[in-house]
Structure formats: structure tokens, C-alpha cells
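Printed here is target_21.cif (mmCIF, C-alpha atoms):
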```
data_query
#
loop_
_atom_site.group_PDB
_atom_site.id
_atom_site.type_symbol
_atom_site.label_atom_id
_atom_site.label_comp_id
_atom_site.auth_asym_id
_atom_site.auth_seq_id
_atom_site.Cartn_x
_atom_site.Cartn_y
_atom_site.Cartn_z
ATOM 1 C CA MET A 1 15.904 12.000 -1.761
ATOM 2 C CA GLY A 2 14.409 11.637 1.733
ATOM 3 C CA LYS A 3 10.957 12.652 0.528
ATOM 4 C CA ALA A 4 11.217 10.263 -2.392
ATOM 5 C CA ALA A 5 12.163 7.403 -0.087
ATOM 6 C CA THR A 6 9.108 8.025 2.079
ATOM 7 C CA ALA A 7 6.861 8.149 -0.957
ATOM 8 C CA ILE A 8 8.241 4.954 -2.488
ATOM 9 C CA ARG A 9 8.069 3.250 0.893
ATOM 10 C CA ARG A 10 4.393 4.010 1.444
ATOM 11 C CA TYR A 11 3.389 2.901 -2.026
ATOM 12 C CA ALA A 12 5.465 -0.250 -2.078
ATOM 13 C CA VAL A 13 4.233 -1.359 1.341
ATOM 14 C CA ALA A 14 0.666 -1.008 0.158
ATOM 15 C CA LEU A 15 1.297 -3.005 -2.999
ATOM 16 C CA MET A 16 4.120 -5.426 -2.213
ATOM 17 C CA LEU A 17 4.165 -5.846 1.576
ATOM 18 C CA VAL A 18 7.860 -5.026 1.626
ATOM 19 C CA GLY A 19 9.737 -2.656 3.942
ATOM 20 C CA ILE A 20 11.824 0.190 2.580
ATOM 21 C CA SER A 21 14.311 2.270 4.559
ATOM 22 C CA ALA A 22 15.987 5.582 3.818
ATOM 23 C CA PRO A 23 17.955 5.400 0.549
ATOM 24 C CA ALA A 24 21.480 6.295 -0.282
ATOM 25 C CA ALA A 25 21.967 9.092 -2.787
ATOM 26 C CA LEU A 26 21.610 7.851 -6.341
ATOM 27 C CA ALA A 27 22.806 9.404 -9.560
ATOM 28 C CA PRO A 28 20.904 9.013 -12.830
ATOM 29 C CA MET A 29 21.841 5.778 -14.521
ATOM 30 C CA PRO A 30 23.456 6.018 -17.958
ATOM 31 C CA ALA A 31 21.597 4.809 -20.993
ATOM 32 C CA GLN A 32 22.808 1.498 -22.347
ATOM 33 C CA ALA A 33 21.924 -1.082 -24.934
ATOM 34 C CA SER A 34 19.199 -3.479 -23.895
ATOM 35 C CA GLU A 35 19.683 -7.222 -24.272
ATOM 36 C CA ILE A 36 17.338 -10.124 -23.567
ATOM 37 C CA ARG A 37 18.528 -11.828 -20.397
ATOM 38 C CA TYR A 38 15.632 -14.246 -19.743
ATOM 39 C CA VAL A 39 12.671 -15.609 -21.661
ATOM 40 C CA VAL A 40 9.790 -16.448 -19.326
ATOM 41 C CA ASN A 41 7.040 -18.431 -21.075
ATOM 42 C CA ASN A 42 7.924 -16.615 -24.328
ATOM 43 C CA GLN A 43 8.005 -13.204 -22.597
ATOM 44 C CA ALA A 44 11.348 -11.393 -22.706
ATOM 45 C CA VAL A 45 13.034 -9.897 -19.633
ATOM 46 C CA THR A 46 15.729 -7.460 -20.758
ATOM 47 C CA SER A 47 18.859 -6.069 -19.167
ATOM 48 C CA TYR A 48 17.146 -2.667 -19.212
ATOM 49 C CA ASP A 49 14.210 -4.030 -17.163
ATOM 50 C CA ILE A 50 16.610 -5.571 -14.653
ATOM 51 C CA GLU A 51 18.627 -2.345 -14.277
ATOM 52 C CA ARG A 52 15.463 -0.353 -13.581
ATOM 53 C CA ARG A 53 14.386 -2.866 -10.935
ATOM 54 C CA ALA A 54 17.885 -2.852 -9.444
ATOM 55 C CA ALA A 55 17.600 0.924 -9.072
ATOM 56 C CA PHE A 56 14.293 0.431 -7.254
ATOM 57 C CA LEU A 57 15.880 -2.101 -4.907
ATOM 58 C CA ARG A 58 18.809 0.211 -4.220
ATOM 59 C CA LEU A 59 16.316 2.926 -3.342
ATOM 60 C CA GLN A 60 15.040 0.484 -0.723
ATOM 61 C CA ASN A 61 18.606 -0.008 0.553
ATOM 62 C CA ARG A 62 18.418 -3.683 -0.449
ATOM 63 C CA ARG A 63 21.568 -5.565 0.562
ATOM 64 C CA GLY A 64 23.281 -8.558 -1.001
ATOM 65 C CA ASN A 65 23.276 -9.398 -4.695
ATOM 66 C CA VAL A 66 20.976 -6.631 -5.950
ATOM 67 C CA GLN A 67 21.350 -7.567 -9.609
ATOM 68 C CA GLN A 68 20.193 -11.151 -9.027
ATOM 69 C CA ALA A 69 17.356 -9.966 -6.790
ATOM 70 C CA ALA A 70 16.276 -7.573 -9.542
ATOM 71 C CA ALA A 71 16.370 -10.374 -12.121
ATOM 72 C CA ASP A 72 14.257 -12.589 -9.841
ATOM 73 C CA ASP A 73 11.771 -9.738 -9.348
ATOM 74 C CA MET A 74 11.395 -9.241 -13.092
ATOM 75 C CA ILE A 75 10.948 -12.972 -13.679
ATOM 76 C CA ASP A 76 8.190 -12.944 -11.055
ATOM 77 C CA GLN A 77 6.605 -9.905 -12.700
ATOM 78 C CA ALA A 78 6.614 -11.697 -16.051
ATOM 79 C CA LEU A 79 4.914 -14.697 -14.425
ATOM 80 C CA ARG A 80 2.308 -12.448 -12.813
ATOM 81 C CA SER A 81 1.639 -10.681 -16.099
ATOM 82 C CA GLY A 82 1.217 -14.018 -17.832
ATOM 83 C CA GLU A 83 -1.302 -15.179 -15.246
ATOM 84 C CA MET A 84 -3.185 -11.878 -15.641
ATOM 85 C CA ARG A 85 -3.453 -12.478 -19.395
ATOM 86 C CA ARG A 86 -4.583 -16.049 -18.858
ATOM 87 C CA MET A 87 -7.366 -14.838 -16.567
ATOM 88 C CA ASN A 88 -8.285 -11.940 -18.902
ATOM 89 C CA ILE A 89 -7.403 -9.340 -16.280
ATOM 90 C CA ASN A 90 -6.584 -5.992 -17.858
ATOM 91 C CA ILE A 91 -5.421 -2.985 -15.863
ATOM 92 C CA THR A 92 -5.956 0.020 -18.109
ATOM 93 C CA ASP A 93 -3.526 2.892 -18.618
ATOM 94 C CA ASP A 94 -6.093 5.197 -17.001
ATOM 95 C CA GLN A 95 -6.201 3.022 -13.873
ATOM 96 C CA VAL A 96 -2.420 3.019 -13.639
ATOM 97 C CA ALA A 97 -2.192 6.759 -14.243
ATOM 98 C CA GLY A 98 -4.842 7.387 -11.588
ATOM 99 C CA ALA A 99 -2.968 5.294 -9.017
ATOM 100 C CA TYR A 100 0.286 7.049 -9.913
ATOM 101 C CA GLU A 101 -1.234 10.513 -9.537
ATOM 102 C CA ARG A 102 -3.004 9.656 -6.267
ATOM 103 C CA PHE A 103 0.271 8.363 -4.901
ATOM 104 C CA ALA A 104 2.120 11.546 -5.848
ATOM 105 C CA ARG A 105 -0.681 13.741 -4.483
ATOM 106 C CA SER A 106 -0.867 11.870 -1.178
ATOM 107 C CA ASN A 107 2.833 12.630 -0.692
ATOM 108 C CA ASN A 108 2.446 16.333 -1.531
ATOM 109 C CA MET A 109 4.027 16.022 -4.941
ATOM 110 C CA SER A 110 2.776 16.688 -8.438
ATOM 111 C CA ALA A 111 2.976 13.917 -11.015
ATOM 112 C CA ALA A 112 5.773 15.880 -12.702
ATOM 113 C CA GLN A 113 7.759 15.980 -9.450
ATOM 114 C CA MET A 114 7.231 12.246 -9.054
ATOM 115 C CA ASP A 115 8.494 11.743 -12.605
ATOM 116 C CA GLN A 116 11.652 13.632 -11.698
ATOM 117 C CA VAL A 117 12.225 11.613 -8.520
ATOM 118 C CA LEU A 118 11.949 8.317 -10.383
ATOM 119 C CA ASN A 119 14.088 9.429 -13.310
ATOM 120 C CA GLN A 120 16.835 10.759 -11.045
ATOM 121 C CA SER A 121 16.940 7.523 -9.074
ATOM 122 C CA GLY A 122 17.214 5.438 -12.244
ATOM 123 C CA VAL A 123 13.838 3.722 -11.690
ATOM 124 C CA THR A 124 11.985 5.782 -14.352
ATOM 125 C CA LYS A 125 8.316 6.642 -14.528
ATOM 126 C CA ALA A 126 7.572 3.958 -17.134
ATOM 127 C CA HIS A 127 9.103 1.166 -15.048
ATOM 128 C CA PHE A 128 7.279 2.217 -11.894
ATOM 129 C CA ARG A 129 3.968 2.397 -13.741
ATOM 130 C CA GLU A 130 4.428 -1.134 -15.045
ATOM 131 C CA PHE A 131 5.230 -2.202 -11.501
ATOM 132 C CA ILE A 132 1.924 -0.620 -10.417
ATOM 133 C CA ARG A 133 0.044 -2.363 -13.244
ATOM 134 C CA ALA A 134 1.477 -5.768 -12.333
ATOM 135 C CA GLN A 135 0.696 -5.381 -8.629
ATOM 136 C CA MET A 136 -2.872 -4.165 -9.240
ATOM 137 C CA GLY A 137 -3.463 -7.062 -11.613
ATOM 138 C CA TRP A 138 -1.889 -9.584 -9.262
ATOM 139 C CA SER A 139 -4.255 -8.476 -6.506
ATOM 140 C CA GLN A 140 -7.174 -9.232 -8.848
ATOM 141 C CA VAL A 141 -5.679 -12.632 -9.699
ATOM 142 C CA LEU A 142 -5.561 -13.573 -6.016
ATOM 143 C CA SER A 143 -9.092 -12.261 -5.415
ATOM 144 C CA GLN A 144 -10.517 -14.247 -8.326
ATOM 145 C CA ARG A 145 -8.803 -17.438 -7.204
ATOM 146 C CA GLN A 146 -10.107 -16.952 -3.678
ATOM 147 C CA ARG A 147 -13.672 -16.518 -4.955
ATOM 148 C CA ALA A 148 -13.314 -19.559 -7.220
ATOM 149 C CA GLY A 149 -12.267 -21.643 -4.224
ATOM 150 C CA ALA A 150 -15.107 -20.463 -2.002
ATOM 151 C CA VAL A 151 -17.322 -23.123 -0.511
ATOM 152 C CA SER A 152 -21.092 -23.008 -0.898
ATOM 153 C CA GLU A 153 -23.326 -21.863 1.970
ATOM 154 C CA GLN A 154 -24.753 -25.351 2.492
ATOM 155 C CA ASP A 155 -21.310 -26.948 2.383
ATOM 156 C CA ALA A 156 -20.062 -24.489 5.006
ATOM 157 C CA VAL A 157 -22.993 -25.277 7.307
ATOM 158 C CA GLN A 158 -22.498 -29.021 6.911
ATOM 159 C CA ARG A 159 -18.810 -28.807 7.686
ATOM 160 C CA MET A 160 -19.427 -26.773 10.822
ATOM 161 C CA LEU A 161 -22.134 -29.127 12.032
ATOM 162 C CA GLN A 162 -19.840 -32.092 11.401
ATOM 163 C CA GLN A 163 -17.276 -30.398 13.602
ATOM 164 C CA GLY A 164 -19.822 -30.241 16.407
ATOM 165 C CA GLY A 165 -20.572 -26.540 16.118
ATOM 166 C CA SER A 166 -23.818 -24.683 15.549
ATOM 167 C CA LYS A 167 -24.337 -21.918 13.040
ATOM 168 C CA PRO A 168 -22.237 -18.892 13.969
ATOM 169 C CA THR A 169 -23.523 -15.361 14.363
ATOM 170 C CA ALA A 170 -22.195 -12.114 12.930
ATOM 171 C CA THR A 171 -23.128 -8.482 13.303
ATOM 172 C CA GLU A 172 -25.183 -7.102 10.441
ATOM 173 C CA TYR A 173 -24.866 -3.342 9.982
ATOM 174 C CA MET A 174 -27.082 -0.904 8.109
ATOM 175 C CA LEU A 175 -24.672 1.783 6.933
ATOM 176 C CA GLN A 176 -24.737 5.213 5.333
ATOM 177 C CA GLN A 177 -21.736 6.967 3.792
ATOM 178 C CA VAL A 178 -21.421 10.761 3.874
ATOM 179 C CA ILE A 179 -18.789 12.329 1.584
ATOM 180 C CA PHE A 180 -17.727 15.968 1.575
ATOM 181 C CA VAL A 181 -16.309 16.005 -1.939
ATOM 182 C CA VAL A 182 -13.010 17.775 -2.645
ATOM 183 C CA PRO A 183 -11.875 17.937 -6.314
ATOM 184 C CA PRO A 184 -8.237 16.828 -6.731
ATOM 185 C CA ALA A 185 -7.172 20.276 -8.007
ATOM 186 C CA GLU A 186 -8.559 21.934 -4.855
ATOM 187 C CA ARG A 187 -7.383 19.392 -2.313
ATOM 188 C CA GLY A 188 -4.549 21.499 -0.913
ATOM 189 C CA SER A 189 -6.688 24.595 -0.387
ATOM 190 C CA ARG A 190 -10.034 23.069 0.667
ATOM 191 C CA LEU A 191 -9.467 19.755 2.429
ATOM 192 C CA GLY A 192 -8.977 21.262 5.895
ATOM 193 C CA ALA A 193 -12.178 23.296 5.688
ATOM 194 C CA ARG A 194 -14.155 20.318 4.348
ATOM 195 C CA LYS A 195 -12.930 18.141 7.222
ATOM 196 C CA ARG A 196 -14.242 20.717 9.675
ATOM 197 C CA GLU A 197 -17.617 20.805 7.877
ATOM 198 C CA ALA A 198 -17.771 16.995 7.934
ATOM 199 C CA GLU A 199 -16.909 16.923 11.641
ATOM 200 C CA ALA A 200 -19.661 19.459 12.425
ATOM 201 C CA MET A 201 -22.206 17.272 10.609
ATOM 202 C CA ARG A 202 -20.891 14.107 12.233
ATOM 203 C CA GLN A 203 -21.419 15.579 15.683
ATOM 204 C CA ARG A 204 -25.061 16.289 14.772
ATOM 205 C CA PHE A 205 -25.602 12.747 13.481
ATOM 206 C CA ARG A 206 -28.303 10.929 15.459
ATOM 207 C CA GLY A 207 -29.390 8.347 12.908
ATOM 208 C CA CYS A 208 -29.699 7.842 9.174
ATOM 209 C CA ASP A 209 -33.195 9.247 8.723
ATOM 210 C CA SER A 210 -32.147 12.884 9.061
ATOM 211 C CA THR A 211 -28.828 12.830 7.167
ATOM 212 C CA ARG A 212 -30.173 14.050 3.856
ATOM 213 C CA GLU A 213 -32.060 16.847 5.583
ATOM 214 C CA PHE A 214 -28.796 18.024 7.183
ATOM 215 C CA ALA A 215 -27.024 17.797 3.807
ATOM 216 C CA LYS A 216 -29.604 19.833 1.872
ATOM 217 C CA GLY A 217 -27.993 23.208 2.438
ATOM 218 C CA LEU A 218 -24.438 22.001 1.928
ATOM 219 C CA ILE A 219 -22.478 22.125 -1.329
ATOM 220 C CA ASP A 220 -20.863 19.016 -2.821
ATOM 221 C CA VAL A 221 -22.024 16.593 -0.121
ATOM 222 C CA THR A 222 -22.963 13.061 -1.186
ATOM 223 C CA VAL A 223 -25.046 10.718 0.982
ATOM 224 C CA ARG A 224 -24.998 7.030 0.017
ATOM 225 C CA ASP A 225 -27.099 4.285 1.577
ATOM 226 C CA LEU A 226 -24.784 1.262 1.668
ATOM 227 C CA GLY A 227 -27.495 -1.126 2.819
ATOM 228 C CA ARG A 228 -26.904 -4.180 4.973
ATOM 229 C CA VAL A 229 -23.291 -5.261 5.441
ATOM 230 C CA LEU A 230 -22.075 -8.193 7.547
ATOM 231 C CA ALA A 231 -19.056 -7.596 9.781
ATOM 232 C CA PRO A 232 -16.753 -9.920 7.730
ATOM 233 C CA GLU A 233 -17.625 -7.912 4.597
ATOM 234 C CA LEU A 234 -16.521 -4.554 5.996
ATOM 235 C CA PRO A 235 -13.625 -2.971 4.066
ATOM 236 C CA ALA A 236 -10.396 -3.181 6.033
ATOM 237 C CA ASP A 237 -9.920 0.592 6.151
ATOM 238 C CA TRP A 238 -13.329 1.112 7.798
ATOM 239 C CA ALA A 239 -13.876 -2.135 9.717
ATOM 240 C CA GLU A 240 -12.482 -1.212 13.131
ATOM 241 C CA GLN A 241 -14.120 2.195 13.128
ATOM 242 C CA VAL A 242 -17.533 0.776 12.229
ATOM 243 C CA LYS A 243 -17.262 -1.999 14.822
ATOM 244 C CA SER A 244 -16.406 0.501 17.569
ATOM 245 C CA THR A 245 -19.296 2.847 16.692
ATOM 246 C CA ASN A 246 -22.699 2.434 18.329
ATOM 247 C CA ALA A 247 -25.897 2.301 16.283
ATOM 248 C CA GLY A 248 -27.219 5.813 15.739
ATOM 249 C CA ALA A 249 -23.713 7.318 15.762
ATOM 250 C CA ALA A 250 -21.024 7.909 13.128
ATOM 251 C CA THR A 251 -17.372 7.012 12.713
ATOM 252 C CA VAL A 252 -14.640 9.624 12.924
ATOM 253 C CA VAL A 253 -14.009 11.728 9.830
ATOM 254 C CA ARG A 254 -11.334 10.363 7.501
ATOM 255 C CA GLU A 255 -9.446 11.813 4.549
ATOM 256 C CA THR A 256 -9.924 9.728 1.391
ATOM 257 C CA ASP A 257 -9.298 10.161 -2.321
ATOM 258 C CA ARG A 258 -12.816 11.585 -2.592
ATOM 259 C CA GLY A 259 -12.408 14.191 0.146
ATOM 260 C CA ALA A 260 -13.526 13.990 3.791
ATOM 261 C CA GLU A 261 -16.047 11.359 4.843
ATOM 262 C CA PHE A 262 -17.592 9.361 7.625
ATOM 263 C CA ILE A 263 -19.841 6.309 7.944
ATOM 264 C CA GLY A 264 -23.136 6.478 9.808
ATOM 265 C CA VAL A 265 -24.185 3.293 11.599
ATOM 266 C CA CYS A 266 -27.962 3.235 11.146
ATOM 267 C CA SER A 267 -28.453 -0.041 13.004
ATOM 268 C CA ALA A 268 -26.597 -3.169 14.126
ATOM 269 C CA ARG A 269 -27.953 -6.609 15.004
ATOM 270 C CA GLU A 270 -26.697 -10.160 15.422
ATOM 271 C CA VAL A 271 -27.773 -12.573 12.680
ATOM 272 C CA SER A 272 -27.250 -16.281 12.079
ATOM 273 C CA ASP A 273 -27.929 -17.891 8.719
ATOM 274 C CA ASP A 274 -26.264 -19.976 6.010
ATOM 275 C CA ARG A 275 -24.524 -16.965 4.501
ATOM 276 C CA VAL A 276 -22.980 -16.050 7.840
ATOM 277 C CA ALA A 277 -21.812 -19.633 8.274
ATOM 278 C CA GLN A 278 -20.185 -19.559 4.842
ATOM 279 C CA MET A 279 -18.316 -16.344 5.549
ATOM 280 C CA VAL A 280 -17.102 -17.417 8.991
ATOM 281 C CA PHE A 281 -15.961 -20.805 7.654
ATOM 282 C CA GLN A 282 -13.983 -19.207 4.842
ATOM 283 C CA THR A 283 -12.450 -16.685 7.221
ATOM 284 C CA GLU A 284 -11.284 -19.495 9.494
ATOM 285 C CA GLN A 285 -9.896 -21.484 6.558
ATOM 286 C CA LEU A 286 -8.039 -18.491 5.139
ATOM 287 C CA GLY A 287 -6.861 -17.413 8.563
ATOM 288 C CA SER A 288 -4.672 -20.484 9.013
ATOM 289 C CA GLY A 289 -4.957 -20.458 12.762
ATOM 290 C CA GLY A 290 -5.102 -16.744 13.437
ATOM 291 C CA SER A 291 -2.820 -15.148 10.830
ATOM 292 C CA SER A 292 -3.365 -11.502 9.953
ATOM 293 C CA GLY A 293 -4.980 -10.467 6.650
ATOM 294 C CA ASP A 294 -1.624 -9.257 5.310
ATOM 295 C CA GLU A 295 0.000 -12.571 6.223
ATOM 296 C CA ASP A 296 -2.825 -14.451 4.487
ATOM 297 C CA ALA A 297 -2.397 -12.402 1.314
ATOM 298 C CA GLU A 298 1.368 -12.802 1.360
ATOM 299 C CA SER A 299 1.049 -16.548 1.927
ATOM 300 C CA ALA A 300 -1.469 -16.945 -0.910
ATOM 301 C CA SER A 301 0.748 -14.889 -3.207
ATOM 302 C CA LYS A 302 3.851 -16.942 -2.398
ATOM 303 C CA LYS A 303 2.006 -20.229 -2.887
ATOM 304 C CA LEU A 304 0.724 -19.230 -6.315
ATOM 305 C CA MET A 305 4.111 -17.833 -7.350
ATOM 306 C CA ASP A 306 5.748 -21.130 -6.370
ATOM 307 C CA GLU A 307 3.191 -22.973 -8.528
ATOM 308 C CA LEU A 308 3.754 -20.675 -11.510
ATOM 309 C CA ARG A 309 7.540 -20.947 -11.237
ATOM 310 C CA ALA A 310 7.350 -24.746 -11.060
ATOM 311 C CA LYS A 311 5.355 -24.899 -14.289
ATOM 312 C CA ALA A 312 7.141 -22.087 -16.133
ATOM 313 C CA GLN A 313 9.686 -22.334 -18.922
ATOM 314 C CA ILE A 314 12.425 -19.917 -17.889
ATOM 315 C CA ILE A 315 15.362 -19.660 -20.312
ATOM 316 C CA ARG A 316 18.462 -17.697 -19.369
ATOM 317 C CA ARG A 317 20.285 -16.073 -22.296
#
```
Using the file provided, produce a representation of the structure as C-alpha cells.
Amino acid sequence: MGKAATAIRRYAVALMLVGISAPAALAPMPAQASEIRYVVNNQAVTSYDIERRAAFLRLQNRRGNVQQAAADDMIDQALRSGEMRRMNINITDDQVAGAYERFARSNNMSAAQMDQVLNQSGVTKAHFREFIRAQMGWSQVLSQRQRAGAVSEQDAVQRMLQQGGSKPTATEYMLQQVIFVVPPAERGSRLGARKREAEAMRQRFRGCDSTREFAKGLIDVTVRDLGRVLAPELPADWAEQVKSTNAGAATVVRETDRGAEFIGVCSAREVSDDRVAQMVFQTEQLGSGGSSGDEDAESASKKLMDELRAKAQIIRR
């Protein structure tokens, strides 16, 4: 079960911001009749749901009253699912299946092996997939609420000027993405070679004008012009690498779901306008005095969950 624990840990940290340690050995849980234990805004939470979540918590070596913690988790999941429906957020079966398969593949397992791990632990494939669906949807809920609460560019400028500050500056990058594509079925046999090909091209990179010429004789290489991107807009998984790369150079090669890739920094310049002011103002507001991005997300999630619980009708059977 050590491999399973590592796999569950990496996925759960990415989705739930929780820590998971090595699990104790677990035997398959016996089948039992399912009863409704809670009704959350007319949505049932059954004893079967709670047992599956309890198995997940045990896999994390959760201490204390695991059954109550599992019940609380499932109530929260019901609240999240309700908010997703209210906001017309739908995570499709294909999206869930794709996330499930990528997770298994990234941990050197097939989807069938992952099924076996989850079934043996008592979590089950179906329960874990619904967990994935709820977490993916909840992330979209938080993103939509953040966008809805965004201030306008002019409002951001006015607020900063009222605070005695001038318009801030930010680095504006012109970026190009180079992907050495590796089909999922060939990832185990080809990824190493593709990384070496990508590294050879990266070392020849001297600017974005010649990238497509270099790529002409290569098979399954995609070059994408990403256009102008402000520093606060950079995706978290690329931000530090882009910021530490000089104009005319490229970031280190990374493994991604698509294969092996790097980002070319075509140019970089400092800009100051209303849009920059808006982004910096929102970053400062969301940062709450210097908190990390993970802390911000966790804080926003907790605040909304507290609001939903306060308004919810939760009936215990």
C-alpha cells in the first residue's frame, strides 16, 4: 500500500490542500446496507458515502473520530455540489476520467491498477471520482466568485491614488511555447528521448523568430505564440521559471501531460497602465498582507464553506 499512499497523497494535496502520511494496511470493507444519515438542502448523504470517505481518511492516517470527520466531509461535499449546480458548473464524466487517468499515469500505474488500489482500501473508484468531480467544480466556484468580485481598472487606479501611490508597473512578457508531444500510450517508452530532443532545441534557442525554422524537421513538435502576458497572469507552474529567464532565452524543459516542453521568452519590458493597476490592487487585496497563493485559496474556500453551512438546512436522520 506504500505506492498507493504516495499516489493518494499527491492527488489530494493538489486538490484539497491536505497532508497525507503513510497508511496502515487496510482490508476491503464488507458490503452493507446503505441508509440516509443526513439530508443537506434536500440532498441525501448515506451511510455508504460516509464509510467510503472514512476509508479515505484512514488511508491518510487521520486520527480522532474518523466517522464524524467523514460525515462532516460528505456534508461539505454536498454543499459544494449544491453551489456548483446553483452556478451551472458541470464537470463532465470525461473530465473526471481524464483527471483520474492522468493521476494514475503520473504515479506509474494503469487506471486498472488504480481501481484495484482504491477498491482494496475501501475507498472505491466511484467514490474517488466523485471526490475529484467535487474538487474540480469547487475550484471553478471559487474562481468565478473571485472574478465576480474583481474591481474595475478605473476603480483600482482611484483607490491607489487615494492611498498616495502612483500607478504600479509590471513586467510584460512576449512568450512562445514549444511542445514535444508524447501520446499517453507511448509516454513510458518515448518521454526520455523527447526530453533530450527538447533540451537540444532549447539550447539552440536565441529568440522567437527562428523557433519554427528549428522545428520544421522535427516530428510532433508544436510551437504556440502565447502573445503578451503580464507577470501576475503567469500560470503558477511556469511563473518562477519565466521570471528567472532572460529575454531571448528559454526556460528549462519540463514534463507535462502533453509531453516535454519549454517556454521561450521573446521579450520582456516594464509597463504601467490601468490594467496593471487593477491586477496589482487585486493581488494585494487577495494576498491579505503577504499570504501565499495556497493560503489565499484555502482561506477563500473556508469562508465560503462557512457561509454555505450557515445558510444550509442540514437534517440528521
Checklist entry - So which residues touch range 227-232 of chain A within 7 Å, counting all atoms listed in the file, skipping near sequence neighbours fewer than 4 positions away, as a ChimeraX atom specification? => result /A:170-175,279
Next on the checklist: Applying the PyMOL selection byres ((chain A and resi 44) around 12) to the file I just gave you, which residues come out? Please list them as number ranges by chain.
Outcome noted: A: 34-43, 45-50, 71, 74-75, 77-79, 81-82, 313-317
Next on the checklist: List as a ChimeraX atom specification the residues having at least one atom at most 10 Å from position (1.1, 7.2, -12.8) as given in the file, counting all atoms listed in the file.
Outcome noted: /A:93-104,111-112,114-115,125-126,128-130,132-133
Item to check | Test item: residues at most 12 Å from Arg187 in chain A, all atoms listed in the file, excluding those fewer than 2 positions along its chain, as a ChimeraX atom specification | outcome: /A:102,105-106,108,180-185,189-195,255-260
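Each of A:Arg254, A:Ala247, A:Arg63, A:Thr169 was compared to Ser272 in chain A using all atoms listed in the file, and A:Thr169 turns out to be the nearest.
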Next on the checklist: Calculated over all atoms listed in the file, which of the candidates A:Leu218, A:Ala312, A:Ala69, A:Ala300 has the smallest distance to Arg145 in chain A?
Outcome noted: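 Going through A:Leu218, A:Ala312, A:Ala69, A:Ala300 one by one, the smallest distance to Arg145 in chain A is for A:Ala300.
Minimum distance to Ala215 in chain A across A:Ala236, A:Ile179, A:Gln203, A:Ile263 (counting only C-alpha atoms) occurs at A:Ile179.
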Restricted to all heavy atoms, what does range 296-302 of chain A look like when written out as a tab-separated table (two decimals), in the first residue's frame?
```tsv
chain	number	residue	atom	x	y	z
A	296	ASP	N	-4.31	31.75	0.41
A	296	ASP	CA	-5.42	32.56	-0.07
A	296	ASP	C	-6.58	31.66	-0.51
A	296	ASP	O	-7.74	31.91	-0.17
A	296	ASP	CB	-4.98	33.43	-1.25
A	296	ASP	CG	-3.96	34.47	-0.86
A	296	ASP	OD1	-3.86	34.78	0.34
A	296	ASP	OD2	-3.25	34.96	-1.75
A	297	ALA	N	-6.25	30.63	-1.29
A	297	ALA	CA	-7.29	29.72	-1.79
A	297	ALA	C	-7.96	29.00	-0.64
A	297	ALA	O	-9.19	28.86	-0.61
A	297	ALA	CB	-6.68	28.73	-2.77
A	298	GLU	N	-7.18	28.54	0.31
A	298	GLU	CA	-7.73	27.83	1.46
A	298	GLU	C	-8.62	28.75	2.29
A	298	GLU	O	-9.70	28.35	2.75
A	298	GLU	CB	-6.60	27.26	2.31
A	298	GLU	CG	-7.08	26.29	3.38
A	298	GLU	CD	-5.93	25.59	4.07
A	298	GLU	OE1	-4.78	26.03	3.93
A	298	GLU	OE2	-6.20	24.60	4.77
A	299	SER	N	-8.19	30.00	2.46
A	299	SER	CA	-8.97	30.96	3.22
A	299	SER	C	-10.29	31.28	2.53
A	299	SER	O	-11.34	31.33	3.17
A	299	SER	CB	-8.15	32.25	3.43
A	299	SER	OG	-8.92	33.23	4.08
A	300	ALA	N	-10.23	31.48	1.20
A	300	ALA	CA	-11.45	31.77	0.44
A	300	ALA	C	-12.40	30.58	0.49
A	300	ALA	O	-13.62	30.75	0.62
A	300	ALA	CB	-11.10	32.10	-1.00
A	301	SER	N	-11.85	29.37	0.40
A	301	SER	CA	-12.68	28.18	0.45
A	301	SER	C	-13.36	28.05	1.81
A	301	SER	O	-14.56	27.77	1.89
A	301	SER	CB	-11.82	26.94	0.18
A	301	SER	OG	-12.58	25.77	0.26
A	302	LYS	N	-12.61	28.26	2.88
A	302	LYS	CA	-13.18	28.14	4.23
A	302	LYS	C	-14.27	29.18	4.46
A	302	LYS	O	-15.33	28.89	5.04
A	302	LYS	CB	-12.08	28.29	5.28
A	302	LYS	CG	-12.59	28.12	6.72
A	302	LYS	CD	-11.49	28.29	7.73
A	302	LYS	CE	-12.01	28.02	9.15
A	302	LYS	NZ	-13.18	28.85	9.50
```
